[in-house]
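Source file: model33.pdb (PDB, C-alpha atoms)
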```pdb
ATOM      1  CA  MET A  61     107.143 213.235 211.380  1.00  0.00           C
ATOM      2  CA  PRO A  62     109.087 210.030 211.958  1.00  0.00           C
ATOM      3  CA  LEU A  63     106.859 207.004 212.770  1.00  0.00           C
ATOM      4  CA  ALA A  64     108.931 206.316 215.877  1.00  0.00           C
ATOM      5  CA  LEU A  65     107.446 209.456 217.511  1.00  0.00           C
ATOM      6  CA  VAL A  66     103.774 208.386 216.998  1.00  0.00           C
ATOM      7  CA  PRO A  67     103.592 205.987 220.022  1.00  0.00           C
ATOM      8  CA  ALA A  68     104.992 208.736 222.251  1.00  0.00           C
ATOM      9  CA  LEU A  69     102.342 211.225 221.060  1.00  0.00           C
ATOM     10  CA  VAL A  70      99.309 208.921 221.451  1.00  0.00           C
ATOM     11  CA  PRO A  71      98.975 209.340 225.260  1.00  0.00           C
ATOM     12  CA  ALA A  72      99.119 213.108 224.842  1.00  0.00           C
ATOM     13  CA  LEU A  73      96.565 213.157 221.991  1.00  0.00           C
ATOM     14  CA  VAL A  74      93.918 210.823 223.468  1.00  0.00           C
ATOM     15  CA  PRO A  75      92.641 213.258 226.168  1.00  0.00           C
ATOM     16  CA  ALA A  76      92.400 215.978 223.547  1.00  0.00           C
ATOM     17  CA  LEU A  77      90.576 213.748 221.016  1.00  0.00           C
ATOM     18  CA  VAL A  78      87.965 212.144 223.317  1.00  0.00           C
ATOM     19  CA  PRO A  79      85.875 215.315 223.841  1.00  0.00           C
ATOM     20  CA  ALA A  80      85.848 215.820 220.084  1.00  0.00           C
ATOM     21  CA  LEU A  81      84.910 212.198 219.343  1.00  0.00           C
ATOM     22  CA  VAL A  82      81.969 211.866 221.772  1.00  0.00           C
ATOM     23  CA  PRO A  83      79.734 214.359 219.901  1.00  0.00           C
ATOM     24  CA  ALA A  84      80.712 212.725 216.621  1.00  0.00           C
ATOM     25  CA  LEU A  85      79.766 209.296 217.993  1.00  0.00           C
ATOM     26  CA  ALA A  86      76.453 210.703 219.251  1.00  0.00           C
ATOM     27  CA  VAL A  87      75.674 212.052 215.801  1.00  0.00           C
ATOM     28  CA  LEU A  88      76.389 208.637 214.358  1.00  0.00           C
ATOM     29  CA  GLY A  89      74.205 206.999 217.032  1.00  0.00           C
ATOM     30  CA  LEU A  90      77.138 205.121 218.505  1.00  0.00           C
ATOM     31  CA  ALA A  91      77.551 206.890 221.842  1.00  0.00           C
ATOM     32  CA  GLY A  92      74.711 204.967 223.490  1.00  0.00           C
ATOM     33  CA  ALA A  93      76.097 201.667 222.279  1.00  0.00           C
ATOM     34  CA  ALA A  94      79.586 202.596 223.417  1.00  0.00           C
ATOM     35  CA  LEU A  95      78.384 203.663 226.867  1.00  0.00           C
ATOM     36  CA  ALA A  96      75.712 200.961 227.363  1.00  0.00           C
ATOM     37  CA  HIS A  97      76.382 197.843 229.384  1.00  0.00           C
ATOM     38  CA  GLY A  98      74.659 194.552 229.986  1.00  0.00           C
ATOM     39  CA  PRO A  99      72.634 193.563 233.017  1.00  0.00           C
ATOM     40  CA  THR A 100      73.956 193.822 236.541  1.00  0.00           C
ATOM     41  CA  PRO A 101      73.355 191.089 239.106  1.00  0.00           C
ATOM     42  CA  GLN A 102      70.404 191.779 241.393  1.00  0.00           C
ATOM     43  CA  LYS A 103      69.949 190.557 244.974  1.00  0.00           C
ATOM     44  CA  ILE A 104      66.992 190.208 247.281  1.00  0.00           C
ATOM     45  CA  ASP A 105      67.124 189.224 250.923  1.00  0.00           C
ATOM     46  CA  GLN A 106      63.980 188.467 252.903  1.00  0.00           C
ATOM     47  CA  SER A 107      63.321 186.881 256.247  1.00  0.00           C
ATOM     48  CA  ILE A 108      60.475 186.074 258.608  1.00  0.00           C
ATOM     49  CA  THR A 109      60.212 185.071 262.261  1.00  0.00           C
ATOM     50  CA  ILE A 110      58.213 181.945 263.034  1.00  0.00           C
ATOM     51  CA  GLN A 111      56.977 180.976 266.494  1.00  0.00           C
ATOM     52  CA  ALA A 112      58.307 177.409 266.409  1.00  0.00           C
ATOM     53  CA  PRO A 113      61.645 175.734 267.150  1.00  0.00           C
ATOM     54  CA  PRO A 114      64.132 175.608 264.226  1.00  0.00           C
ATOM     55  CA  ASP A 115      63.862 171.810 263.915  1.00  0.00           C
ATOM     56  CA  ALA A 116      60.071 172.058 263.524  1.00  0.00           C
ATOM     57  CA  VAL A 117      60.447 174.736 260.824  1.00  0.00           C
ATOM     58  CA  TRP A 118      63.181 172.751 259.054  1.00  0.00           C
ATOM     59  CA  LYS A 119      60.933 169.689 259.031  1.00  0.00           C
ATOM     60  CA  VAL A 120      58.526 171.651 256.805  1.00  0.00           C
ATOM     61  CA  VAL A 121      60.836 173.834 254.711  1.00  0.00           C
ATOM     62  CA  GLY A 122      63.833 171.495 254.534  1.00  0.00           C
ATOM     63  CA  ASP A 123      62.225 169.107 252.070  1.00  0.00           C
ATOM     64  CA  PHE A 124      63.417 170.525 248.727  1.00  0.00           C
ATOM     65  CA  GLY A 125      60.596 168.847 246.817  1.00  0.00           C
ATOM     66  CA  GLY A 126      57.946 169.856 249.367  1.00  0.00           C
ATOM     67  CA  ILE A 127      57.623 173.549 248.452  1.00  0.00           C
ATOM     68  CA  GLY A 128      54.050 172.974 247.281  1.00  0.00           C
ATOM     69  CA  ARG A 129      52.992 172.139 250.851  1.00  0.00           C
ATOM     70  CA  TRP A 130      53.785 175.624 252.143  1.00  0.00           C
ATOM     71  CA  HIS A 131      54.151 178.115 249.266  1.00  0.00           C
ATOM     72  CA  PRO A 132      50.715 179.569 248.372  1.00  0.00           C
ATOM     73  CA  ASP A 133      51.771 180.504 244.804  1.00  0.00           C
ATOM     74  CA  VAL A 134      52.660 176.904 243.928  1.00  0.00           C
ATOM     75  CA  ALA A 135      50.039 174.747 242.200  1.00  0.00           C
ATOM     76  CA  LYS A 136      52.222 171.639 242.053  1.00  0.00           C
ATOM     77  CA  ALA A 137      55.807 170.606 242.800  1.00  0.00           C
ATOM     78  CA  GLU A 138      57.488 167.427 241.633  1.00  0.00           C
ATOM     79  CA  ALA A 139      61.013 166.388 242.612  1.00  0.00           C
ATOM     80  CA  SER A 140      63.305 163.512 241.816  1.00  0.00           C
ATOM     81  CA  GLY A 141      66.259 162.498 243.933  1.00  0.00           C
ATOM     82  CA  GLY A 142      65.310 163.576 247.457  1.00  0.00           C
ATOM     83  CA  ASN A 143      67.411 166.103 249.361  1.00  0.00           C
ATOM     84  CA  VAL A 144      70.750 165.422 247.688  1.00  0.00           C
ATOM     85  CA  GLU A 145      72.866 167.579 245.425  1.00  0.00           C
ATOM     86  CA  GLY A 146      71.710 167.267 241.841  1.00  0.00           C
ATOM     87  CA  THR A 147      68.035 166.770 242.698  1.00  0.00           C
ATOM     88  CA  THR A 148      65.702 168.577 240.309  1.00  0.00           C
ATOM     89  CA  ARG A 149      62.277 169.957 241.126  1.00  0.00           C
ATOM     90  CA  ARG A 150      59.607 171.265 238.766  1.00  0.00           C
ATOM     91  CA  VAL A 151      57.474 173.951 240.397  1.00  0.00           C
ATOM     92  CA  THR A 152      54.263 174.846 238.547  1.00  0.00           C
ATOM     93  CA  LEU A 153      52.890 178.215 239.626  1.00  0.00           C
ATOM     94  CA  LYS A 154      49.187 179.002 239.994  1.00  0.00           C
ATOM     95  CA  ALA A 155      49.653 182.151 237.890  1.00  0.00           C
ATOM     96  CA  GLY A 156      51.236 180.086 235.100  1.00  0.00           C
ATOM     97  CA  GLY A 157      54.688 178.940 234.161  1.00  0.00           C
ATOM     98  CA  THR A 158      57.044 176.334 235.561  1.00  0.00           C
ATOM     99  CA  LEU A 159      60.305 176.753 237.431  1.00  0.00           C
ATOM    100  CA  VAL A 160      62.869 173.987 236.968  1.00  0.00           C
ATOM    101  CA  GLU A 161      65.357 174.153 239.819  1.00  0.00           C
ATOM    102  CA  GLY A 162      68.394 172.101 240.758  1.00  0.00           C
ATOM    103  CA  LEU A 163      69.606 171.525 244.302  1.00  0.00           C
ATOM    104  CA  ASP A 164      73.244 172.612 244.686  1.00  0.00           C
ATOM    105  CA  GLU A 165      73.720 172.003 248.418  1.00  0.00           C
ATOM    106  CA  TRP A 166      71.573 170.638 251.255  1.00  0.00           C
ATOM    107  CA  LEU A 167      72.942 170.744 254.818  1.00  0.00           C
ATOM    108  CA  ALA A 168      70.610 169.318 257.456  1.00  0.00           C
ATOM    109  CA  ASP A 169      72.991 170.240 260.319  1.00  0.00           C
ATOM    110  CA  GLY A 170      73.026 173.866 259.176  1.00  0.00           C
ATOM    111  CA  ARG A 171      69.318 173.822 258.256  1.00  0.00           C
ATOM    112  CA  THR A 172      70.105 175.350 254.889  1.00  0.00           C
ATOM    113  CA  TYR A 173      69.980 174.568 251.191  1.00  0.00           C
ATOM    114  CA  SER A 174      70.968 176.335 247.989  1.00  0.00           C
ATOM    115  CA  TYR A 175      69.502 175.845 244.535  1.00  0.00           C
ATOM    116  CA  ARG A 176      69.384 177.456 241.101  1.00  0.00           C
ATOM    117  CA  MET A 177      67.023 177.759 238.175  1.00  0.00           C
ATOM    118  CA  SER A 178      67.888 175.402 235.319  1.00  0.00           C
ATOM    119  CA  ASP A 179      65.898 176.937 232.463  1.00  0.00           C
ATOM    120  CA  PRO A 180      64.211 180.343 232.428  1.00  0.00           C
ATOM    121  CA  ASP A 181      60.436 180.581 232.108  1.00  0.00           C
ATOM    122  CA  LEU A 182      59.650 184.267 231.704  1.00  0.00           C
ATOM    123  CA  LYS A 183      55.953 183.616 232.319  1.00  0.00           C
ATOM    124  CA  ALA A 184      56.747 182.180 235.749  1.00  0.00           C
ATOM    125  CA  LEU A 185      59.288 184.849 236.754  1.00  0.00           C
ATOM    126  CA  PRO A 186      60.720 187.630 234.535  1.00  0.00           C
ATOM    127  CA  VAL A 187      64.334 186.635 235.210  1.00  0.00           C
ATOM    128  CA  SER A 188      66.899 184.921 232.993  1.00  0.00           C
ATOM    129  CA  SER A 189      68.656 183.079 235.821  1.00  0.00           C
ATOM    130  CA  TYR A 190      68.712 182.912 239.599  1.00  0.00           C
ATOM    131  CA  SER A 191      70.229 181.118 242.547  1.00  0.00           C
ATOM    132  CA  ALA A 192      68.837 181.118 246.060  1.00  0.00           C
ATOM    133  CA  THR A 193      69.630 179.998 249.582  1.00  0.00           C
ATOM    134  CA  LEU A 194      67.075 179.253 252.284  1.00  0.00           C
ATOM    135  CA  THR A 195      68.256 179.034 255.919  1.00  0.00           C
ATOM    136  CA  VAL A 196      66.551 178.408 259.277  1.00  0.00           C
ATOM    137  CA  THR A 197      68.236 179.757 262.434  1.00  0.00           C
ATOM    138  CA  PRO A 198      67.195 180.071 266.080  1.00  0.00           C
ATOM    139  CA  ASP A 199      65.597 183.398 267.044  1.00  0.00           C
ATOM    140  CA  GLY A 200      64.720 183.688 270.730  1.00  0.00           C
ATOM    141  CA  THR A 201      62.126 180.998 271.431  1.00  0.00           C
ATOM    142  CA  GLY A 202      61.301 180.710 267.727  1.00  0.00           C
ATOM    143  CA  SER A 203      63.060 180.688 264.394  1.00  0.00           C
ATOM    144  CA  LYS A 204      64.159 183.038 261.675  1.00  0.00           C
ATOM    145  CA  VAL A 205      63.915 181.910 258.060  1.00  0.00           C
ATOM    146  CA  SER A 206      66.085 183.791 255.567  1.00  0.00           C
ATOM    147  CA  TRP A 207      65.656 183.485 251.816  1.00  0.00           C
ATOM    148  CA  ILE A 208      68.321 185.170 249.700  1.00  0.00           C
ATOM    149  CA  GLY A 209      68.250 185.258 245.920  1.00  0.00           C
ATOM    150  CA  ARG A 210      70.598 186.512 243.225  1.00  0.00           C
ATOM    151  CA  PHE A 211      69.372 186.888 239.673  1.00  0.00           C
ATOM    152  CA  TYR A 212      69.584 188.621 236.309  1.00  0.00           C
ATOM    153  CA  ARG A 213      66.651 190.342 234.636  1.00  0.00           C
ATOM    154  CA  GLY A 214      64.574 188.548 232.027  1.00  0.00           C
ATOM    155  CA  ASP A 215      66.021 190.420 229.056  1.00  0.00           C
ATOM    156  CA  THR A 216      69.794 190.629 229.273  1.00  0.00           C
ATOM    157  CA  GLY A 217      70.099 193.104 226.398  1.00  0.00           C
ATOM    158  CA  ASN A 218      71.084 196.731 226.886  1.00  0.00           C
ATOM    159  CA  GLU A 219      67.534 198.113 226.598  1.00  0.00           C
ATOM    160  CA  PRO A 220      65.099 195.562 228.051  1.00  0.00           C
ATOM    161  CA  PRO A 221      61.347 196.046 227.818  1.00  0.00           C
ATOM    162  CA  GLU A 222      59.718 197.168 231.060  1.00  0.00           C
ATOM    163  CA  ASN A 223      58.251 193.728 231.819  1.00  0.00           C
ATOM    164  CA  LEU A 224      61.739 192.118 231.672  1.00  0.00           C
ATOM    165  CA  SER A 225      63.752 194.889 233.385  1.00  0.00           C
ATOM    166  CA  ASP A 226      65.709 194.837 236.649  1.00  0.00           C
ATOM    167  CA  GLU A 227      62.714 196.439 238.381  1.00  0.00           C
ATOM    168  CA  ALA A 228      60.296 193.807 237.053  1.00  0.00           C
ATOM    169  CA  GLY A 229      62.659 191.028 238.150  1.00  0.00           C
ATOM    170  CA  ARG A 230      63.079 192.519 241.637  1.00  0.00           C
ATOM    171  CA  ALA A 231      59.320 193.000 242.075  1.00  0.00           C
ATOM    172  CA  ALA A 232      58.528 189.436 240.985  1.00  0.00           C
ATOM    173  CA  MET A 233      61.256 187.805 243.067  1.00  0.00           C
ATOM    174  CA  ASN A 234      60.376 189.891 246.139  1.00  0.00           C
ATOM    175  CA  ARG A 235      56.700 188.966 245.779  1.00  0.00           C
ATOM    176  CA  TYR A 236      57.487 185.265 245.286  1.00  0.00           C
ATOM    177  CA  PHE A 237      59.782 185.125 248.327  1.00  0.00           C
ATOM    178  CA  ALA A 238      57.414 187.179 250.524  1.00  0.00           C
ATOM    179  CA  ASP A 239      54.414 185.014 249.607  1.00  0.00           C
ATOM    180  CA  GLY A 240      56.458 181.906 250.309  1.00  0.00           C
ATOM    181  CA  LEU A 241      57.684 183.070 253.704  1.00  0.00           C
ATOM    182  CA  LYS A 242      54.165 184.090 254.759  1.00  0.00           C
ATOM    183  CA  GLY A 243      52.871 180.708 253.589  1.00  0.00           C
ATOM    184  CA  LEU A 244      55.606 178.894 255.488  1.00  0.00           C
ATOM    185  CA  LYS A 245      54.808 180.836 258.666  1.00  0.00           C
ATOM    186  CA  ALA A 246      51.131 179.961 258.307  1.00  0.00           C
ATOM    187  CA  ALA A 247      51.875 176.294 257.611  1.00  0.00           C
ATOM    188  CA  VAL A 248      54.178 175.942 260.622  1.00  0.00           C
ATOM    189  CA  GLU A 249      52.106 178.027 263.027  1.00  0.00           C
ATOM    190  CA  GLY A 250      48.856 176.400 261.857  1.00  0.00           C
ATOM    191  CA  ARG A 251      47.125 179.443 260.326  1.00  0.00           C
ATOM    192  CA  THR A 252      45.787 180.025 256.845  1.00  0.00           C
ATOM    193  CA  THR A 253      46.851 182.913 254.617  1.00  0.00           C
ATOM    194  CA  HIS A 254      44.697 185.038 252.326  1.00  0.00           C
TER     195      HIS A 254
END
```
Let me see whether you can do it: turn the structure in this file into structure tokens.
Amino acid sequence: MPLALVPALVPALVPALVPALVPALAVLGLAGAALAHGPTPQKIDQSITIQAPPDAVWKVVGDFGGIGRWHPDVAKAEASGGNVEGTTRRVTLKAGGTLVEGLDEWLADGRTYSYRMSDPDLKALPVSSYSATLTVTPDGTGSKVSWIGRFYRGDTGNEPPENLSDEAGRAAMNRYFADGLKGLKAAVEGRTTH
């Protein structure tokens, strides 16, 4: 067969060869690696209604370094730089671990800010990276606080252990956001949480 005909035959041969190659790859243990893929981005979106005007809620939640005053899971929070882009805060959790987060955007007029984790601490949260946005909007006579996060699981390999999987990351982030929103509601409305 002349070599010039080979490129023309390849498209016709590939569909016929693939079914034969997949079992061979499986026998060699390569099918899983060929079909596996890395982590997919995860998203959580939580909100809570607070019986207070948006400006009163923003006064509490809008201070990027002040998360320790309203989040019940936080043992200590330290920030440098105020509420300007580039500010870093170190959030030490009561359960252990420290989150180092950088402020990407802070808009007082929009009552919103966005930030991201600088370095992962798998003891604090089983995620390898995350970014989040917190926003306060009017809701009837009160306010609605939305907290949206995007993240990747703690182990970005193809077969993560259970404690660093997508599910573990979602559970931890959902719990952290829910606890924070409940704590914020209690702080603004003047109640304690248990």
Hey, which of A:Ser206, A:Thr152, A:Asn218, A:Thr147 ends up closest to Thr193 of chain A? Count only C-alpha atoms.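 Checking each of A:Ser206, A:Thr152, A:Asn218, A:Thr147 against Thr193 of chain A, counting only C-alpha atoms, the winner is A:Ser206.
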Identify all residues satisfying the PyMOL selection byres ((chain A and resi 105) around 7) in the given file; provide them as a ChimeraX atom specification. /A:103-104,106-107,207-209
Taking into account all atoms listed in the file, which residue in the set A:Ser225, A:Ala139, A:Glu249, A:Val144 is nearest to Ser203 of chain A? A:Glu249
For the structure shown, which residues end up in the PyMOL selection byres ((chain A and resi 169) around 12)? Put them as a list in words, please?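 Going through the file, the PyMOL selection byres ((chain A and resi 169) around 12) ends up selecting Pro114, Asp115, Trp118, Gly122, Trp166, Leu167, Ala168, Gly170, Arg171, Thr172, Tyr173, Thr195, Val196 and Thr197 of chain A.
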May I ask which of the residues A:Gly125, A:Gly200, A:Gly240, A:Pro186 is the closest one to Gly214 of chain A, counting all atoms listed in the file?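 Among the listed residues, A:Pro186 lies closest to Gly214 of chain A.
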Going by the chain IDs and residue numbers used in this file, which residues fall under the PyMOL selection byres ((chain A and resi 191) around 6)? Write them as a VMD selection string. chain A and resid 175 to 176 190 192 209 to 210
Could you pull the residues within 12 Å of Lys242 of chain A, counting only C-alpha atoms, minus those fewer than 5 positions along the same chain, as JSON, numbers by chain? {"A": [106, 107, 108, 109, 110, 130, 131, 132, 133, 205, 206, 207, 235, 236, 237, 247, 248, 249, 250, 251, 252, 253, 254]}
Spatial neighbours of Gly146 of chain A, 9 Å, all atoms listed in the file, chain gap at least 4 places, as a list in words: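 Contacts, in chain order: Gly141, Gly162, Leu163, Asp164 and Glu165 of chain A.
Atom pair atom CA of Lys154 of chain A / atom CA of Ala135 of chain A: separated by 4.9 Å.
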